[in-house]
Amino acid sequence: MYNIKAVSKLLDMPTVTIRSWETRYQAITPERTESGHRVYTEENLNDLKWLKKQIHENGLNISQAVHLLKAKKAEETTLELLPDTGDNDPEERFKKQIDELYAAVLELEADKCNRLLDLYFSQFNYHTVFYSIVVPLMYKVGEEWEKGNLHVVKEHMISNIILHRSIRFFSVFETSPNLPRIMAICPKGEHHQLGLILFTLFLREKHYPVYYIGADTPLEGIADLIKEKDINILAISTSRQTDQSLVESYIDSISKINPSLKYLVGGLGIKETQLTNNRLNISPDDRNWEQIMDLITYSS
């Protein structure tokens, strides 16, 4: 146990900040001695240290950091209560959540989809919701639509719900004026934008300023817009392997007006092998995103 002066010294934080985070934001709940004085546990100390890191290193404000901390702790508590099936596959571990959300999609119940997502975001870290629930759900939705088992209206409904949820998360993270400005698009005719959404969320977490344009972006006028907004990097995502030449035409056309622009190209339709002076192909998932961003951000 620690008193507030000890915590202040250990974390190099003013006591007034510790009290403010406790009383105003309910970030921690210290214990009390019989005489009513606050005493802080090791868990309180670790939570304050975690919050401080989010603010100083990741650019969050205290209310955003507390929100993430509570979601993180709720997820840890919930996962402890889940039965251990011995299966580490996220799709199996979160099968209940995926199935109940898919059932709401089948019934075209947008309100229920939103209520379920509210519940999941309160129970789990947002990374878990997006990668372990939303991604498997949307793969299932796409597969059932292709088989003719799901009406396109239902696919559009859940896609729009996920898009709106994602855009709300984009605004949580502060952007840095010292990082390259990025525009994120899918080429004309490409309506599947989940991969681009996840990549944009990753970029915003890293504090990159991102203009999210999204699905079915026409080539006409995009080069002028890139120049107007002083964009440094264009991220292009497609799920269609037939789009290889279409992506090349975008890059060739835009480069004539913006010769110094760099390109990040990814999605299930893109091979990961191409590397040129101004273009990098990235993996469909996040396994190489951090290395790629370091490479393209800090290269000459």
# chains A, B, ... in the order shown; residues from 1 in each chain; ligands from 1

$ residues_around --residues "stretch 10-17 of chain A" --least-positions-apart "6" --cutoff "9 Å" --atoms "only C-alpha atoms" --output "list in words"
Ile4, Leu45, Leu48, Lys49 and Lys52 of chain A

$ residues_around --residues "A:Lys96" --least-positions-apart "2" --cutoff "12 Å" --atoms "only C-alpha atoms" --output "list in words"
Leu82, Pro90, Glu91, Glu92, Arg93, Phe94, Ile98, Asp99, Glu100, Leu101, Tyr102, Ala103, Leu116, Tyr120, Ser132, Ile133, Pro136 and Leu137 of chain A

$ select_by_dssp --residues "stretch 14-162 of chain A" --states "alpha helix (DSSP H)" --output "VMD selection string"
chain A and resid 15 to 23 42 to 58 62 to 81 90 to 93 95 to 106 110 to 123 126 to 128 135 to 146 152 to 162

$ atom_distance --atom1 "atom CA of A:Lys188" --atom2 "atom CA of A:Val153"
20.6 Å

$ atom_distance --atom1 "atom CA of A:Cys113" --atom2 "atom CA of A:Leu69"
24.4 Å
